[in-house]
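In what follows, a single structure is set out as structure tokens and then discussed.
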2 protein chains.
Amino acid sequence: MNIDNLLKQIRIVLVDTRHPGNIGGAARAMKNMGLTDLYLVQPKHFPDPKASARAAGAIDVLEAATVVDTLPDAIDDCSLVIGSSARQRRIPWPLLTARDCATQVRQALNNNRVAIVFGREDRGLTNEELHTCHLHVHIPSNEQYGALNLAMAVQVICYELRIACLAEPQGNDTMKGWDMPLATAEELQRYFTHLEETLTAIGFLNPVAPKQLMTRLRRLYLRAQLDSMEVSLLRGILSATQGTNMK
Amino acid sequence: MNIDNLLKQIRIVLVDTRHPGNIGGAARAMKNMGLTDLYLVQPKHFPDPKASARAAGAIDVLEAATVVDTLPDAIDDCSLVIGSSARQRRIPWPLLTARDCATQVRQALNNNRVAIVFGREDRGLTNEELHTCHLHVHIPSNEQYGALNLAMAVQVICYELRIACLAEPQGNDTMKGWDMPLATAEELQRYFTHLEETLTAIGFLNPVAPKQLMTRLRRLYLRAQLDSMEVSLLRGILSATQGTNMK
């Protein structure tokens, strides 16, 4: 597959962006690096003249952007979802540098749509949003002044993605030649909902005091990169469990 | 040497910047990656509230920036000068990708000050400016839409510099353990002036129709990365040549 077609499979998702200039800057950064698929989750101002001005010659990327209401709407058809995270969270998630992220995305690209998700200018992504992601990515930066401008972060990630796609796939691709397509974000979300219902039904999960149970289970299954058949199998187990429980 | 001290030896030079927002954006990008040394050659508007706004928490880098009138004023004390160039020129110059540039800078950093020079938003650096540089660097980008915003280009280069400085020096450092310091840009410029005078005096260079002679000689000697003693030696030869010629 040529580089243009590879890069077109990568979606950039901006969540809850406050400053329209950053949306335009991100669109330009994407197009400079050959990416075209932009999703905006509840942007505060869009369309907006400031976004168009900053986009410059990438106005086509901006005009083709898809505006949606929720993060799942932006990632449901993606099989690999990577969330941008400035710091390690209380429950650590697999965390990649920008470069390793690009290598991993390159490996996944042959059959799968990939989303990279960026959060708010001031607060990034919420924990809930981050817990819908398979992996997290951060850009190594000055410990004393680490927060990159949103459009700059998009620029660095898209740059690394382009460089990785210019090269042959590298690294240890443990899922190479897999016999089933990876599960999409939507399939995984249905599984997690099913799992939570089942664990509640059997009294293992107390909805009043859920603790970190679902977060830890999400992390486990997302890390494993389930394929579609495995998700069907796991859901079959859940249905059987609920059926037993109802008797 | 720790990473902070390494990165402090790298100077970012912005030539003839039109939009003060880009100066602020560049300052922030630098600080995010741990760089602090910013030179501005004839900025159109500086200081300026738009620069300060975009700099955000990097206002200290902006306030410490040195404003100068000419490019030589900005690079005279540097032993490695790398110019940002979007395209190959008529007389090809050694051209590095952003990543290879960072590797090369990392190798040079132990004893030398390095400058990375960025040109105008719309036209980049002039040929004359590019011919004062040892090497050129470009950021691989979309052939159909390749021109990055100035501050974005600074971000990508500074990011690569930080990553290279986080690692051990790599690659084939052919100048490792050199016994003399590399010549500074000022020493080299004096040499080139001396060379041009001498070649004119001996009738080899016709000032009315100089063709590309000096450009080709600059390229040769810059590529060779002369040390200070070699420059003294070459200038001794020039003086001797002129002395002979005067008799």
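Going by the structure tokens order, chains are called A, B, ..., each with residues numbered from 1, while ligands are numbered from 1 in the order shown.
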
Should the cut-off be 9 Å, what would the residue list for chain A against chain B look like, counting only C-alpha atoms, as a count of residues only? 30

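Secondary structure by DSSP on the backbone puts the following residues of stretch 29-215 of chain A in strand (DSSP E or B): Asp37, Leu38, Tyr39, Leu40, Val41, Thr66, Val67, Val68, Leu80, Val81, Ile82, Gly83, Ser84, Leu95, Leu96, Thr97, Val114, Ala115, Ile116, Val117, Phe118, Arg120, Gly124, Leu135, His136, Val137, His138 and Leu182 of chain A.
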
Just the selected residues (N, CA, C and O atoms), exported as an mmCIF file, in the first residue's frame, please.
```
data_model
loop_
_atom_site.group_PDB
_atom_site.id
_atom_site.type_symbol
_atom_site.label_atom_id
_atom_site.label_comp_id
_atom_site.auth_asym_id
_atom_site.auth_seq_id
_atom_site.Cartn_x
_atom_site.Cartn_y
_atom_site.Cartn_z
ATOM 1 N N ASP A 37 -8.192 12.569 7.611
ATOM 2 C CA ASP A 37 -9.430 12.177 8.295
ATOM 3 C C ASP A 37 -9.509 12.823 9.680
ATOM 4 O O ASP A 37 -8.873 12.370 10.625
ATOM 5 N N LEU A 38 -10.327 13.889 9.781
ATOM 6 C CA LEU A 38 -10.422 14.665 11.030
ATOM 7 C C LEU A 38 -11.827 14.562 11.613
ATOM 8 O O LEU A 38 -12.818 14.824 10.925
ATOM 9 N N TYR A 39 -11.920 14.173 12.878
ATOM 10 C CA TYR A 39 -13.193 14.153 13.605
ATOM 11 C C TYR A 39 -13.102 15.150 14.756
ATOM 12 O O TYR A 39 -12.081 15.208 15.456
ATOM 13 N N LEU A 40 -14.203 15.859 14.959
ATOM 14 C CA LEU A 40 -14.266 16.834 16.045
ATOM 15 C C LEU A 40 -15.419 16.461 16.963
ATOM 16 O O LEU A 40 -16.565 16.385 16.526
ATOM 17 N N VAL A 41 -15.111 16.212 18.233
ATOM 18 C CA VAL A 41 -16.149 15.888 19.208
ATOM 19 C C VAL A 41 -16.519 17.166 19.947
ATOM 20 O O VAL A 41 -15.700 17.727 20.683
ATOM 21 N N THR A 66 -15.587 15.751 10.274
ATOM 22 C CA THR A 66 -16.859 15.229 10.766
ATOM 23 C C THR A 66 -17.051 15.671 12.210
ATOM 24 O O THR A 66 -16.198 15.416 13.053
ATOM 25 N N VAL A 67 -18.169 16.353 12.481
ATOM 26 C CA VAL A 67 -18.456 16.801 13.847
ATOM 27 C C VAL A 67 -19.430 15.821 14.485
ATOM 28 O O VAL A 67 -20.464 15.488 13.892
ATOM 29 N N VAL A 68 -19.075 15.319 15.657
ATOM 30 C CA VAL A 68 -19.934 14.351 16.348
ATOM 31 C C VAL A 68 -20.135 14.775 17.798
ATOM 32 O O VAL A 68 -19.450 15.669 18.303
ATOM 33 N N LEU A 80 -7.967 0.230 16.490
ATOM 34 C CA LEU A 80 -6.901 0.628 17.404
ATOM 35 C C LEU A 80 -7.123 2.095 17.747
ATOM 36 O O LEU A 80 -7.202 2.935 16.850
ATOM 37 N N VAL A 81 -7.293 2.356 19.029
ATOM 38 C CA VAL A 81 -7.577 3.718 19.488
ATOM 39 C C VAL A 81 -6.494 4.109 20.477
ATOM 40 O O VAL A 81 -6.260 3.416 21.465
ATOM 41 N N ILE A 82 -5.807 5.219 20.182
ATOM 42 C CA ILE A 82 -4.689 5.649 21.024
ATOM 43 C C ILE A 82 -4.991 7.044 21.542
ATOM 44 O O ILE A 82 -5.300 7.952 20.774
ATOM 45 N N GLY A 83 -4.928 7.195 22.853
ATOM 46 C CA GLY A 83 -5.269 8.471 23.475
ATOM 47 C C GLY A 83 -4.023 9.219 23.906
ATOM 48 O O GLY A 83 -3.106 8.636 24.478
ATOM 49 N N SER A 84 -4.016 10.516 23.645
ATOM 50 C CA SER A 84 -2.892 11.354 24.032
ATOM 51 C C SER A 84 -2.990 11.693 25.512
ATOM 52 O O SER A 84 -4.019 12.169 25.988
ATOM 53 N N LEU A 95 1.716 2.816 27.916
ATOM 54 C CA LEU A 95 2.043 4.185 27.502
ATOM 55 C C LEU A 95 3.211 4.152 26.532
ATOM 56 O O LEU A 95 4.274 3.623 26.834
ATOM 57 N N LEU A 96 2.988 4.718 25.351
ATOM 58 C CA LEU A 96 4.014 4.727 24.307
ATOM 59 C C LEU A 96 4.586 6.124 24.126
ATOM 60 O O LEU A 96 3.877 7.115 24.305
ATOM 61 N N THR A 97 5.852 6.206 23.720
ATOM 62 C CA THR A 97 6.345 7.484 23.214
ATOM 63 C C THR A 97 5.754 7.713 21.821
ATOM 64 O O THR A 97 5.235 6.794 21.183
ATOM 65 N N VAL A 114 -7.310 3.286 12.389
ATOM 66 C CA VAL A 114 -6.694 3.682 13.658
ATOM 67 C C VAL A 114 -7.127 5.108 14.003
ATOM 68 O O VAL A 114 -7.209 5.963 13.116
ATOM 69 N N ALA A 115 -7.420 5.357 15.269
ATOM 70 C CA ALA A 115 -7.733 6.715 15.718
ATOM 71 C C ALA A 115 -6.716 7.176 16.750
ATOM 72 O O ALA A 115 -6.336 6.406 17.638
ATOM 73 N N ILE A 116 -6.273 8.419 16.600
ATOM 74 C CA ILE A 116 -5.456 9.054 17.645
ATOM 75 C C ILE A 116 -6.302 10.171 18.221
ATOM 76 O O ILE A 116 -6.772 11.046 17.485
ATOM 77 N N VAL A 117 -6.487 10.153 19.539
ATOM 78 C CA VAL A 117 -7.447 11.041 20.190
ATOM 79 C C VAL A 117 -6.715 12.077 21.039
ATOM 80 O O VAL A 117 -5.868 11.716 21.873
ATOM 81 N N PHE A 118 -7.044 13.343 20.823
ATOM 82 C CA PHE A 118 -6.435 14.446 21.576
ATOM 83 C C PHE A 118 -7.507 15.151 22.406
ATOM 84 O O PHE A 118 -8.604 15.408 21.919
ATOM 85 N N ARG A 120 -8.732 18.171 25.588
ATOM 86 C CA ARG A 120 -8.912 19.609 25.727
ATOM 87 C C ARG A 120 -7.572 20.324 25.914
ATOM 88 O O ARG A 120 -6.640 19.746 26.475
ATOM 89 N N GLY A 124 -6.768 18.049 28.803
ATOM 90 C CA GLY A 124 -6.551 16.781 28.112
ATOM 91 C C GLY A 124 -7.813 15.937 28.048
ATOM 92 O O GLY A 124 -8.927 16.463 27.997
ATOM 93 N N LEU A 135 -4.328 2.092 23.972
ATOM 94 C CA LEU A 135 -2.997 2.516 24.391
ATOM 95 C C LEU A 135 -3.001 4.027 24.606
ATOM 96 O O LEU A 135 -3.863 4.731 24.087
ATOM 97 N N HIS A 136 -2.029 4.490 25.343
ATOM 98 C CA HIS A 136 -1.839 5.933 25.499
ATOM 99 C C HIS A 136 -0.506 6.334 24.878
ATOM 100 O O HIS A 136 0.428 5.532 24.820
ATOM 101 N N VAL A 137 -0.439 7.583 24.428
ATOM 102 C CA VAL A 137 0.809 8.084 23.842
ATOM 103 C C VAL A 137 1.168 9.399 24.511
ATOM 104 O O VAL A 137 0.291 10.192 24.858
ATOM 105 N N HIS A 138 2.469 9.616 24.733
ATOM 106 C CA HIS A 138 2.886 10.945 25.161
ATOM 107 C C HIS A 138 4.136 11.367 24.404
ATOM 108 O O HIS A 138 4.915 10.534 23.930
ATOM 109 N N LEU A 182 -9.225 -7.464 13.838
ATOM 110 C CA LEU A 182 -9.314 -6.989 15.214
ATOM 111 C C LEU A 182 -10.707 -6.416 15.473
ATOM 112 O O LEU A 182 -11.362 -5.910 14.562
#
```

Could you pull out the residues in stretch 45-245 of chain A that DSSP calls helix (DSSP H, G or I) from the backbone, as a PyMOL selection string? chain A and resi 49-63+71-75+98-108+127-130+150-166+185-201+213-223+228-245

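Between A:Ala167 and the residues A:Leu150, A:Ala102, A:Ala65, A:Ala185, the shortest atom-to-atom distance, using only C-alpha atoms, involves A:Ala102.
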
Polymer residues at most 10 Å from B:Pro207, only C-alpha atoms, same-chain spacing of 4 or more positions, as a ChimeraX atom specification: /B:196-197,199-200,203,211

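Atom CA of A:Glu168 sits 26.3 Å away from atom CA of A:Ile75.
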
Take atom CA of B:Gly24 and atom CA of B:Met1 and report the distance between them in Å, one decimal. 28.6 Å

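Here atom CA of B:Ser85 and atom CA of B:Thr126 stand 9.5 Å from one another.
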
Could you name the residues that touch A:Glu230 at 10 Å or less, counting only C-alpha atoms, but leaving out those on the same chain fewer than 4 positions away, as a PDB file with N, CA and C atoms, in the first residue's frame?
```
ATOM      1  N   MET A 180      -8.081 -13.292  12.016  1.00  0.00           N
ATOM      2  CA  MET A 180      -9.368 -12.606  12.192  1.00  0.00           C
ATOM      3  C   MET A 180      -9.123 -11.093  12.250  1.00  0.00           C
ATOM      4  N   LEU A 182      -9.225  -7.464  13.838  1.00  0.00           N
ATOM      5  CA  LEU A 182      -9.314  -6.989  15.214  1.00  0.00           C
ATOM      6  C   LEU A 182     -10.707  -6.416  15.473  1.00  0.00           C
ATOM      7  N   ALA A 183     -11.133  -6.512  16.716  1.00  0.00           N
ATOM      8  CA  ALA A 183     -12.448  -5.974  17.079  1.00  0.00           C
ATOM      9  C   ALA A 183     -12.438  -4.456  16.935  1.00  0.00           C
ATOM     10  N   GLN A 225      -5.717  -6.609  22.714  1.00  0.00           N
ATOM     11  CA  GLN A 225      -6.106  -6.418  21.309  1.00  0.00           C
ATOM     12  C   GLN A 225      -6.935  -7.589  20.798  1.00  0.00           C
ATOM     13  N   LEU A 226      -8.143  -7.692  21.314  1.00  0.00           N
ATOM     14  CA  LEU A 226      -9.050  -8.788  20.958  1.00  0.00           C
ATOM     15  C   LEU A 226      -9.435  -8.734  19.486  1.00  0.00           C
ATOM     16  N   LEU A 234     -16.315 -14.304  24.094  1.00  0.00           N
ATOM     17  CA  LEU A 234     -16.445 -13.765  25.455  1.00  0.00           C
ATOM     18  C   LEU A 234     -17.895 -13.361  25.741  1.00  0.00           C
ATOM     19  N   ARG A 235     -18.554 -12.819  24.731  1.00  0.00           N
ATOM     20  CA  ARG A 235     -19.959 -12.434  24.939  1.00  0.00           C
ATOM     21  C   ARG A 235     -20.842 -13.667  25.073  1.00  0.00           C
ATOM     22  N   GLY A 236     -20.484 -14.717  24.350  1.00  0.00           N
ATOM     23  CA  GLY A 236     -21.222 -15.977  24.525  1.00  0.00           C
ATOM     24  C   GLY A 236     -21.109 -16.479  25.957  1.00  0.00           C
TER      25      GLY A 236
END
```

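The closest residue to B:Arg106, picked from B:Leu62, B:Val231, B:Ile202, B:Ala164 and counting only C-alpha atoms, is B:Ala164.
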
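Of the listed residues (B:Ser228, B:Gln104, B:Ser239, B:Gln42), B:Ser228 comes nearest to B:Asp179; the distances count only C-alpha atoms.
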
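Distances to A:Thr184 were evaluated for A:Pro92, A:Pro72, A:Pro47, A:Pro20 using only C-alpha atoms, and the minimum falls at A:Pro72.
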